[in-house]
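Student: Sharing coords_1.cif below, mmCIF, C-alpha atoms:
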data_run
loop_
_atom_site.group_PDB
_atom_site.id
_atom_site.type_symbol
_atom_site.label_atom_id
_atom_site.label_comp_id
_atom_site.auth_asym_id
_atom_site.auth_seq_id
_atom_site.Cartn_x
_atom_site.Cartn_y
_atom_site.Cartn_z
ATOM 1 C CA MET W 1 23.542 40.394 8.868
ATOM 2 C CA PRO W 2 26.467 39.123 10.981
ATOM 3 C CA ASP W 3 27.425 35.476 10.544
ATOM 4 C CA SER W 4 26.785 34.560 14.195
ATOM 5 C CA ILE W 5 23.146 35.755 14.051
ATOM 6 C CA MET W 6 22.529 33.861 10.818
ATOM 7 C CA LYS W 7 23.878 30.682 12.396
ATOM 8 C CA THR W 8 21.670 31.144 15.476
ATOM 9 C CA GLU W 9 18.598 31.529 13.239
ATOM 10 C CA THR W 10 19.502 28.449 11.235
ATOM 11 C CA LEU W 11 19.892 26.386 14.384
ATOM 12 C CA LYS W 12 16.686 27.695 15.955
ATOM 13 C CA PRO W 13 14.582 24.634 16.863
ATOM 14 C CA PRO W 14 10.982 24.538 15.622
ATOM 15 C CA ALA W 15 8.303 25.495 18.139
ATOM 16 C CA PRO W 16 7.293 22.222 19.885
ATOM 17 C CA ALA W 17 3.670 23.339 20.177
ATOM 18 C CA ALA W 18 3.355 23.479 16.386
ATOM 19 C CA MET W 19 4.199 19.791 15.991
ATOM 20 C CA PRO W 20 2.526 16.584 17.144
ATOM 21 C CA THR W 21 4.660 14.411 19.410
ATOM 22 C CA ALA W 22 6.204 11.165 18.135
ATOM 23 C CA ALA W 23 3.999 9.229 20.578
ATOM 24 C CA LYS W 24 0.845 10.864 19.207
ATOM 25 C CA LEU W 25 1.902 10.099 15.635
ATOM 26 C CA GLN W 26 2.597 6.498 16.634
ATOM 27 C CA ARG W 27 -0.850 6.134 18.250
ATOM 28 C CA TRP W 28 -2.653 7.478 15.174
ATOM 29 C CA SER W 29 -0.548 5.444 12.752
ATOM 30 C CA MET W 30 -1.303 2.246 14.701
ATOM 31 C CA ILE W 31 -5.056 2.918 14.642
ATOM 32 C CA LEU W 32 -4.955 3.738 10.937
ATOM 33 C CA GLY W 33 -2.669 0.757 10.241
ATOM 34 C CA GLY W 34 -5.339 -1.575 11.658
ATOM 35 C CA ILE W 35 -8.055 0.045 9.545
ATOM 36 C CA VAL W 36 -5.908 -0.131 6.390
ATOM 37 C CA ALA W 37 -5.073 -3.811 7.037
ATOM 38 C CA ALA W 38 -8.786 -4.674 7.310
ATOM 39 C CA LEU W 39 -9.641 -2.640 4.198
ATOM 40 C CA MET W 40 -6.807 -4.258 2.244
ATOM 41 C CA PHE W 41 -8.229 -7.731 3.017
ATOM 42 C CA VAL W 42 -11.630 -6.654 1.672
ATOM 43 C CA ASN W 43 -9.895 -4.991 -1.293
ATOM 44 C CA LEU W 44 -8.092 -8.219 -2.243
ATOM 45 C CA TYR W 45 -11.307 -10.212 -1.780
ATOM 46 C CA ASN W 46 -13.080 -7.766 -4.138
ATOM 47 C CA ILE W 47 -10.340 -7.994 -6.742
ATOM 48 C CA PHE W 48 -9.795 -11.752 -6.794
ATOM 49 C CA MET W 49 -13.199 -13.141 -5.804
ATOM 50 C CA LEU W 50 -15.891 -10.565 -6.475
ATOM 51 C CA VAL W 51 -15.293 -8.652 -9.690
ATOM 52 C CA PRO W 52 -16.181 -10.333 -12.996
ATOM 53 C CA THR W 53 -13.432 -11.074 -15.525
ATOM 54 C CA GLU W 54 -13.191 -8.439 -18.245
ATOM 55 C CA LYS W 55 -14.159 -9.826 -21.684
ATOM 56 C CA SER W 56 -11.422 -8.616 -24.031
ATOM 57 C CA MET W 57 -8.339 -8.570 -21.760
ATOM 58 C CA GLY W 58 -9.241 -11.476 -19.479
ATOM 59 C CA LEU W 59 -7.691 -12.036 -16.051
ATOM 60 C CA ILE W 60 -4.786 -9.632 -16.519
ATOM 61 C CA GLN W 61 -7.287 -6.743 -16.300
ATOM 62 C CA ARG W 62 -7.416 -7.368 -12.536
ATOM 63 C CA ILE W 63 -4.070 -5.587 -12.277
ATOM 64 C CA PHE W 64 -6.091 -2.394 -12.916
ATOM 65 C CA TYR W 65 -7.184 -2.307 -9.230
ATOM 66 C CA PHE W 66 -3.546 -2.123 -8.092
ATOM 67 C CA HIS W 67 -2.351 0.074 -10.956
ATOM 68 C CA ALA W 68 -4.665 3.090 -11.149
ATOM 69 C CA PRO W 69 -5.451 3.609 -7.405
ATOM 70 C CA PRO W 70 -1.768 4.124 -6.375
ATOM 71 C CA LEU W 71 -1.348 6.638 -9.208
ATOM 72 C CA ILE W 72 -4.533 8.499 -8.239
ATOM 73 C CA THR W 73 -3.328 8.484 -4.617
ATOM 74 C CA SER W 74 0.034 9.896 -5.720
ATOM 75 C CA PHE W 75 -1.896 12.948 -7.005
ATOM 76 C CA VAL W 76 -3.269 13.346 -3.471
ATOM 77 C CA ALA W 77 0.269 13.026 -2.064
ATOM 78 C CA PHE W 78 1.705 15.628 -4.447
ATOM 79 C CA THR W 79 -1.221 17.958 -3.697
ATOM 80 C CA VAL W 80 -0.306 17.710 0.011
ATOM 81 C CA THR W 81 3.304 18.551 -0.927
ATOM 82 C CA PHE W 82 2.096 21.512 -3.003
ATOM 83 C CA VAL W 83 -0.166 22.912 -0.247
ATOM 84 C CA TYR W 84 2.413 22.506 2.528
ATOM 85 C CA SER W 85 5.166 23.999 0.353
ATOM 86 C CA ILE W 86 3.020 27.136 -0.061
ATOM 87 C CA LEU W 87 2.344 27.138 3.687
ATOM 88 C CA TYR W 88 6.067 26.795 4.393
ATOM 89 C CA LEU W 89 6.934 29.766 2.185
ATOM 90 C CA ALA W 90 4.144 31.814 3.780
ATOM 91 C CA LYS W 91 4.765 30.941 7.446
ATOM 92 C CA GLN W 92 8.350 29.566 7.489
ATOM 93 C CA ARG W 93 7.391 26.700 9.807
ATOM 94 C CA LEU W 94 9.795 23.795 9.609
ATOM 95 C CA TRP W 95 7.064 21.252 10.304
ATOM 96 C CA HIS W 96 5.190 22.336 7.131
ATOM 97 C CA ASP W 97 8.332 21.656 5.135
ATOM 98 C CA ARG W 98 8.642 18.231 6.742
ATOM 99 C CA ILE W 99 5.034 17.329 5.896
ATOM 100 C CA ALA W 100 5.653 18.434 2.278
ATOM 101 C CA SER W 101 8.792 16.314 1.898
ATOM 102 C CA CYS W 102 7.320 13.229 3.631
ATOM 103 C CA ALA W 103 4.214 13.364 1.401
ATOM 104 C CA ALA W 104 6.466 13.647 -1.672
ATOM 105 C CA GLU W 105 8.438 10.578 -0.597
ATOM 106 C CA VAL W 106 5.269 8.476 -0.258
ATOM 107 C CA GLY W 107 3.995 9.971 -3.524
ATOM 108 C CA VAL W 108 7.145 8.819 -5.335
ATOM 109 C CA LEU W 109 6.667 5.315 -3.894
ATOM 110 C CA LEU W 110 3.073 5.203 -5.196
ATOM 111 C CA THR W 111 4.051 6.572 -8.619
ATOM 112 C CA THR W 112 6.784 3.912 -8.790
ATOM 113 C CA THR W 113 4.239 1.131 -8.199
ATOM 114 C CA GLY W 114 2.038 2.578 -10.972
ATOM 115 C CA LEU W 115 4.971 2.889 -13.357
ATOM 116 C CA ILE W 116 5.972 -0.735 -12.753
ATOM 117 C CA THR W 117 2.500 -2.317 -12.867
ATOM 118 C CA GLY W 118 1.647 -0.335 -16.043
ATOM 119 C CA PRO W 119 4.262 -2.030 -18.276
ATOM 120 C CA ILE W 120 3.484 -5.430 -16.686
ATOM 121 C CA TRP W 121 -0.147 -4.915 -17.750
ATOM 122 C CA ALA W 122 0.814 -3.425 -21.129
ATOM 123 C CA ARG W 123 3.060 -6.290 -22.268
ATOM 124 C CA PRO W 124 0.329 -8.960 -22.746
ATOM 125 C CA VAL W 125 -2.348 -6.423 -23.810
ATOM 126 C CA TRP W 126 -0.471 -3.964 -26.082
ATOM 127 C CA ASN W 127 2.334 -6.400 -26.928
ATOM 128 C CA THR W 128 4.886 -3.835 -25.737
ATOM 129 C CA TRP W 129 6.282 -2.867 -22.344
ATOM 130 C CA TRP W 130 6.280 0.863 -22.963
ATOM 131 C CA SER W 131 4.949 3.451 -25.388
ATOM 132 C CA TRP W 132 5.978 7.107 -25.427
ATOM 133 C CA ASP W 133 2.369 8.257 -25.461
ATOM 134 C CA PRO W 134 1.312 11.434 -23.594
ATOM 135 C CA ARG W 135 -0.157 9.734 -20.501
ATOM 136 C CA LEU W 136 2.814 7.454 -19.886
ATOM 137 C CA THR W 137 5.403 10.102 -20.700
ATOM 138 C CA THR W 138 3.883 12.802 -18.477
ATOM 139 C CA THR W 139 3.631 10.262 -15.628
ATOM 140 C CA LEU W 140 7.316 9.390 -16.035
ATOM 141 C CA VAL W 141 8.141 13.125 -16.049
ATOM 142 C CA LEU W 142 6.106 13.490 -12.821
ATOM 143 C CA TRP W 143 8.168 10.725 -11.224
ATOM 144 C CA PHE W 144 11.424 12.433 -12.279
ATOM 145 C CA ILE W 145 10.219 15.806 -10.936
ATOM 146 C CA TYR W 146 9.558 14.444 -7.458
ATOM 147 C CA VAL W 147 12.677 12.250 -7.400
ATOM 148 C CA GLY W 148 14.527 15.486 -8.267
ATOM 149 C CA TYR W 149 12.706 17.222 -5.405
ATOM 150 C CA LEU W 150 13.816 14.530 -2.935
ATOM 151 C CA MET W 151 17.399 14.706 -4.231
ATOM 152 C CA LEU W 152 17.346 18.489 -3.836
ATOM 153 C CA ARG W 153 16.177 18.022 -0.235
ATOM 154 C CA ALA W 154 18.938 15.520 0.417
ATOM 155 C CA TYR W 155 21.814 17.480 -1.121
ATOM 156 C CA ALA W 156 20.825 21.142 -0.619
ATOM 157 C CA GLY W 157 23.004 21.399 2.478
ATOM 158 C CA GLU W 158 21.911 24.183 4.835
ATOM 159 C CA GLU W 159 18.465 23.279 6.174
ATOM 160 C CA GLN W 160 16.337 26.399 5.726
ATOM 161 C CA ARG W 161 17.781 27.327 2.353
ATOM 162 C CA GLY W 162 17.263 23.745 1.128
ATOM 163 C CA ALA W 163 13.681 23.781 2.394
ATOM 164 C CA ARG W 164 13.006 27.083 0.600
ATOM 165 C CA PHE W 165 14.449 25.838 -2.712
ATOM 166 C CA ALA W 166 12.542 22.556 -2.377
ATOM 167 C CA ALA W 167 9.266 24.383 -1.667
ATOM 168 C CA VAL W 168 9.631 26.478 -4.833
ATOM 169 C CA PHE W 169 10.600 23.361 -6.806
ATOM 170 C CA ALA W 170 7.518 21.484 -5.487
ATOM 171 C CA ILE W 171 5.165 24.340 -6.365
ATOM 172 C CA VAL W 172 6.505 24.602 -9.931
ATOM 173 C CA GLY W 173 6.670 20.797 -10.314
ATOM 174 C CA PHE W 174 3.024 20.427 -9.337
ATOM 175 C CA VAL W 175 2.095 21.862 -12.764
ATOM 176 C CA ASP W 176 2.634 18.349 -14.177
ATOM 177 C CA VAL W 177 -0.118 16.787 -12.012
ATOM 178 C CA PRO W 178 -3.088 18.301 -13.948
ATOM 179 C CA ILE W 179 -1.208 17.623 -17.208
ATOM 180 C CA VAL W 180 -0.996 13.895 -16.325
ATOM 181 C CA TYR W 181 -4.680 13.890 -15.356
ATOM 182 C CA LEU W 182 -5.745 15.574 -18.610
ATOM 183 C CA ALA W 183 -3.292 13.772 -20.923
ATOM 184 C CA ASN W 184 -5.687 11.051 -22.089
ATOM 185 C CA ARG W 185 -8.559 13.552 -22.312
ATOM 186 C CA LEU W 186 -6.714 16.124 -24.430
ATOM 187 C CA TRP W 187 -4.598 13.912 -26.700
ATOM 188 C CA ARG W 188 -5.072 10.638 -28.569
ATOM 189 C CA THR W 189 -3.286 8.013 -26.507
ATOM 190 C CA LEU W 190 -2.671 4.286 -26.466
ATOM 191 C CA HIS W 191 -3.516 4.426 -22.773
ATOM 192 C CA PRO W 192 -7.221 3.653 -22.110
ATOM 193 C CA GLN W 193 -9.622 6.569 -21.815
ATOM 194 C CA PRO W 194 -10.771 7.519 -18.288
ATOM 195 C CA VAL W 195 -13.391 5.196 -16.772
ATOM 196 C CA ILE W 196 -14.616 7.707 -14.188
ATOM 197 C CA PHE W 197 -15.526 11.311 -15.118
ATOM 198 C CA GLY W 198 -14.634 10.337 -18.667
ATOM 199 C CA GLY W 199 -17.712 11.354 -20.656
ATOM 200 C CA SER W 200 -20.727 9.579 -22.111
ATOM 201 C CA ASN W 201 -18.895 6.601 -23.674
ATOM 202 C CA SER W 202 -16.881 5.718 -20.602
ATOM 203 C CA GLY W 203 -17.760 3.830 -17.452
ATOM 204 C CA LEU W 204 -17.365 0.567 -15.556
ATOM 205 C CA GLU W 205 -19.614 -2.371 -14.798
ATOM 206 C CA PRO W 206 -21.177 -1.625 -11.313
ATOM 207 C CA THR W 207 -19.211 -4.327 -9.400
ATOM 208 C CA MET W 208 -15.979 -3.206 -11.065
ATOM 209 C CA ARG W 209 -16.754 0.423 -10.231
ATOM 210 C CA TYR W 210 -17.382 -0.482 -6.581
ATOM 211 C CA ALA W 211 -14.098 -2.462 -6.397
ATOM 212 C CA PHE W 212 -12.200 0.352 -8.118
ATOM 213 C CA ILE W 213 -13.517 3.081 -5.800
ATOM 214 C CA PHE W 214 -12.939 0.801 -2.774
ATOM 215 C CA SER W 215 -9.340 0.316 -3.882
ATOM 216 C CA ILE W 216 -8.833 4.088 -4.298
ATOM 217 C CA VAL W 217 -10.148 4.728 -0.762
ATOM 218 C CA THR W 218 -7.891 1.947 0.612
ATOM 219 C CA PHE W 219 -4.810 3.387 -1.096
ATOM 220 C CA ILE W 220 -5.607 6.928 0.090
ATOM 221 C CA LEU W 221 -5.808 5.647 3.676
ATOM 222 C CA LEU W 222 -2.600 3.658 3.100
ATOM 223 C CA PHE W 223 -0.980 6.939 2.013
ATOM 224 C CA VAL W 224 -2.141 8.676 5.228
ATOM 225 C CA PHE W 225 -0.804 5.705 7.247
ATOM 226 C CA PHE W 226 2.608 5.874 5.532
ATOM 227 C CA LEU W 227 2.632 9.656 5.935
ATOM 228 C CA LEU W 228 2.047 9.381 9.698
ATOM 229 C CA MET W 229 4.762 6.719 9.999
ATOM 230 C CA ARG W 230 7.176 8.856 7.991
ATOM 231 C CA LEU W 231 6.330 11.990 10.023
ATOM 232 C CA ARG W 232 7.025 10.043 13.213
ATOM 233 C CA VAL W 233 10.524 9.283 11.902
ATOM 234 C CA GLU W 234 10.970 12.975 11.080
ATOM 235 C CA ARG W 235 9.691 14.052 14.505
ATOM 236 C CA THR W 236 12.139 11.665 16.204
ATOM 237 C CA ARG W 237 14.938 13.034 14.017
ATOM 238 C CA LEU W 238 14.116 16.565 15.268
ATOM 239 C CA GLU W 239 14.365 15.266 18.848
ATOM 240 C CA VAL W 240 17.793 13.802 18.050
ATOM 241 C CA ASP W 241 18.899 17.174 16.581
ATOM 242 C CA GLN W 242 17.560 18.975 19.658
ATOM 243 C CA LEU W 243 19.491 16.659 22.012
ATOM 244 C CA LYS W 244 22.679 17.114 19.958
ATOM 245 C CA ARG W 245 22.287 20.891 20.231
ATOM 246 C CA GLU W 246 21.744 20.687 23.987
ATOM 247 C CA ILE W 247 24.860 18.521 24.407
ATOM 248 C CA ALA W 248 26.908 20.813 22.151
ATOM 249 C CA PHE W 249 25.924 23.970 24.055
ATOM 250 C CA SER W 250 26.105 22.519 27.582
ATOM 251 C CA MET Z 1 2.473 -11.226 5.236
ATOM 252 C CA SER Z 2 -1.231 -12.134 5.396
ATOM 253 C CA PHE Z 3 -1.831 -9.885 2.390
ATOM 254 C CA LEU Z 4 0.810 -11.743 0.423
ATOM 255 C CA LEU Z 5 -0.856 -15.048 1.354
ATOM 256 C CA LEU Z 6 -4.268 -13.726 0.325
ATOM 257 C CA THR Z 7 -2.834 -12.476 -2.979
ATOM 258 C CA LEU Z 8 -1.166 -15.860 -3.543
ATOM 259 C CA SER Z 9 -4.337 -17.795 -2.713
ATOM 260 C CA GLY Z 10 -6.338 -15.506 -5.011
ATOM 261 C CA TRP Z 11 -3.780 -16.089 -7.756
ATOM 262 C CA HIS Z 12 -3.926 -19.846 -7.152
ATOM 263 C CA TRP Z 13 -7.739 -19.754 -7.337
ATOM 264 C CA LEU Z 14 -7.561 -17.823 -10.616
ATOM 265 C CA LEU Z 15 -5.009 -20.290 -11.991
ATOM 266 C CA GLN Z 16 -7.401 -23.161 -11.340
ATOM 267 C CA ALA Z 17 -10.390 -21.298 -12.730
ATOM 268 C CA ALA Z 18 -8.626 -19.977 -15.800
ATOM 269 C CA GLU Z 19 -8.523 -21.510 -19.238
ATOM 270 C CA PRO Z 20 -5.037 -22.821 -20.228
ATOM 271 C CA SER Z 21 -4.637 -20.097 -22.881
ATOM 272 C CA SER Z 22 -4.898 -17.318 -20.280
ATOM 273 C CA ASN Z 23 -2.372 -18.944 -17.891
ATOM 274 C CA LYS Z 24 0.486 -17.028 -19.515
ATOM 275 C CA ASN Z 25 -1.155 -13.725 -18.572
ATOM 276 C CA LEU Z 26 -1.557 -14.944 -14.999
ATOM 277 C CA ASN Z 27 2.210 -14.782 -14.630
ATOM 278 C CA PHE Z 28 2.034 -11.077 -15.487
ATOM 279 C CA LEU Z 29 -0.814 -10.611 -13.014
ATOM 280 C CA PHE Z 30 1.185 -12.366 -10.309
ATOM 281 C CA ALA Z 31 4.301 -10.323 -11.130
ATOM 282 C CA GLY Z 32 2.321 -7.065 -10.910
ATOM 283 C CA TYR Z 33 0.902 -7.817 -7.473
ATOM 284 C CA ALA Z 34 4.202 -9.229 -6.197
ATOM 285 C CA VAL Z 35 6.028 -6.021 -7.181
ATOM 286 C CA VAL Z 36 3.454 -3.807 -5.430
ATOM 287 C CA TRP Z 37 3.620 -5.856 -2.215
ATOM 288 C CA LEU Z 38 7.415 -5.938 -2.251
ATOM 289 C CA LEU Z 39 7.576 -2.147 -2.671
ATOM 290 C CA LEU Z 40 4.974 -1.400 0.015
ATOM 291 C CA LEU Z 41 6.346 -3.864 2.563
ATOM 292 C CA GLY Z 42 9.926 -2.820 1.769
ATOM 293 C CA TYR Z 43 9.034 0.806 2.473
ATOM 294 C CA LEU Z 44 7.266 -0.148 5.706
ATOM 295 C CA PHE Z 45 10.324 -2.098 6.909
ATOM 296 C CA SER Z 46 12.646 0.761 5.936
ATOM 297 C CA LEU Z 47 10.532 3.209 7.996
ATOM 298 C CA ALA Z 48 10.557 0.836 10.979
ATOM 299 C CA ARG Z 49 14.349 0.440 10.687
ATOM 300 C CA ARG Z 50 14.923 4.207 10.489
ATOM 301 C CA GLN Z 51 12.675 4.748 13.529
ATOM 302 C CA LYS Z 52 14.489 2.093 15.558
ATOM 303 C CA ARG Z 53 17.897 3.564 14.694
ATOM 304 C CA LEU Z 54 16.805 7.070 15.735
ATOM 305 C CA GLU Z 55 15.316 5.818 19.009
ATOM 306 C CA ALA Z 56 18.602 4.049 19.798
ATOM 307 C CA GLU Z 57 20.436 7.307 19.038
ATOM 308 C CA ILE Z 58 18.121 9.215 21.411
ATOM 309 C CA GLU Z 59 18.879 6.743 24.201
ATOM 310 C CA MET Z 60 22.606 7.111 23.575
ATOM 311 C CA LEU Z 61 22.408 10.930 23.531
ATOM 312 C CA LYS Z 62 20.325 11.005 26.732
ATOM 313 C CA GLN Z 63 22.977 8.862 28.414
ATOM 314 C CA MET Z 64 25.729 11.195 27.159
ATOM 315 C CA LYS Z 65 23.802 14.196 28.469
ATOM 316 C CA GLN Z 66 23.350 12.629 31.912
ATOM 317 C CA GLU Z 67 27.029 11.673 32.106
ATOM 318 C CA GLY Z 68 28.243 14.883 30.744
#
What does the file become when written as structure tokens?
Tutor:
Amino acid sequence: MPDSIMKTETLKPPAPAAMPTAAKLQRWSMILGGIVAALMFVNLYNIFMLVPTEKSMGLIQRIFYFHAPPLITSFVAFTVTFVYSILYLAKQRLWHDRIASCAAEVGVLLTTTGLITGPIWARPVWNTWWSWDPRLTTTLVLWFIYVGYLMLRAYAGEEQRGARFAAVFAIVGFVDVPIVYLANRLWRTLHPQPVIFGGSNSGLEPTMRYAFIFSIVTFILLFVFFLLMRLRVERTRLEVDQLKREIAFS
Amino acid sequence: MSFLLLTLSGWHWLLQAAEPSSNKNLNFLFAGYAVVWLLLLGYLFSLARRQKRLEAEIEMLKQMKQEG
């Protein structure tokens, strides 16, 4: 294929009809932002005022409601990245690639919060900041995989080739998500056993379960809010690129 | 900011309600929540800053296009 044709294909702008406008993304993110703010107030009330104090760990156990939900939500984020990476490879739509990368960015943020709150909780309870047990190690590997994905996106150079490499990387990297989920079910770990879907000996006191599920829902909606905000930035960036092209060719 | 205040007031309430022996752990609890809020709000501000910068760039490019 001649060089000039390849360049034209690389510079081809995405079809506007396939993408929401920045204004539409802003409207939806503002609505969702209001809902998330209200839910977060209720969430904090649940955590600090409603739930009973756990007997063996005491007050520090309340960090659980801001530790596990972001990590569970990061699984949702990486699933979005996985699905949209497959869609990008199948349909070659730039917007699918952008959704995949934006979801990964928010997913890394949520995994980071889980990886920081975990050691803060572990220090007074386990008497150590970190243990190389399967659950913690696979979670750290997950974080490295998606940081690697974002670095690949940033430094891959040519846009479509970078997007293709990143999509393959995201699909392969997603293998670690079920491994993290199953780690404390398959292996003996220092990390507590699952409290939901964990078998006959697991479970939570009803108020704690309500607060936990409420926190998960709040963090999932927070993820959608961040995703919309991040997509708006990406949509505006595409407009900037489009204007630059128009100026360059006029 | 309101969330930070609510977290702080919740922490203060726990501090008053807690036995002295568990006060040490409250510092860990406070640190955990503070880190989460700093990360989330930091990300929100970074998105707002990126958006503002791009919108300013669009205005500049539109002006260049009109002039040019």
Student: Expanded to explicit residues, what is the PyMOL selection byres ((chain W) within 7 of (chain Z)) for this file, as a VMD selection string?
Tutor: chain W and resid 41 44 48 59 to 60 63 113 117 120 to 121 124 230 233 236 to 237 240 243 247
Student: Quote the spacing between atom CA of Ala37 of chain W and atom CA of Lys24 of chain W in Å to one decimal place.
Tutor: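 Here the two named atoms are 20.0 Å from each other.
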Student: So which residues touch segment 134-149 of chain W within 7 Å, counting all atoms listed in the file, skipping near sequence neighbours fewer than 3 positions away, as an MDAnalysis selection string?
Tutor: chainID W and resid 104 108 111 152:153 166 169:170 173 176 180 183:184 189 191
Student: Please evaluate the PyMOL selection byres ((chain W and resi 227-229) around 8) against the displayed coordinates and give the resulting residues as a ChimeraX atom specification.
Tutor: /W:25-26,28-29,102-103,106,223-226,230-233 /Z:47
Student: For atom CA of Asn46 of chain W and atom CA of Leu182 of chain W, determine how far apart the two atoms are, in Å to one decimal place.
Tutor: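 Pair atom CA of Asn46 of chain W / atom CA of Leu182 of chain W returns 28.4 Å.
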Student: Restricting the calculation to only C-alpha atoms, which member of W:Leu39, W:Val168, W:Ser74, W:Arg62 is positioned closest to Ile86 of chain W?
Tutor: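 Looking only at the distances to Ile86 of chain W, the closest residue turns out to be W:Val168.
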Student: Between atom CA of Met208 of chain W and atom CA of Pro192 of chain W, what is the distance in Å, rounded to a tenth?
Tutor: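 Between atom CA of Met208 of chain W and atom CA of Pro192 of chain W the gap is 15.7 Å.
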Student: Please, what is the axis-aligned box for every listed atom of segment 55-67 of chain Z with 6 Å on each side, as centre and edge lengths in Å to one decimal, as AutoDock Vina command-line options?
Tutor:
--center_x 21.2 --center_y 9.1 --center_z 25.6 --size_x 23.7 --size_y 22.1 --size_z 25.1
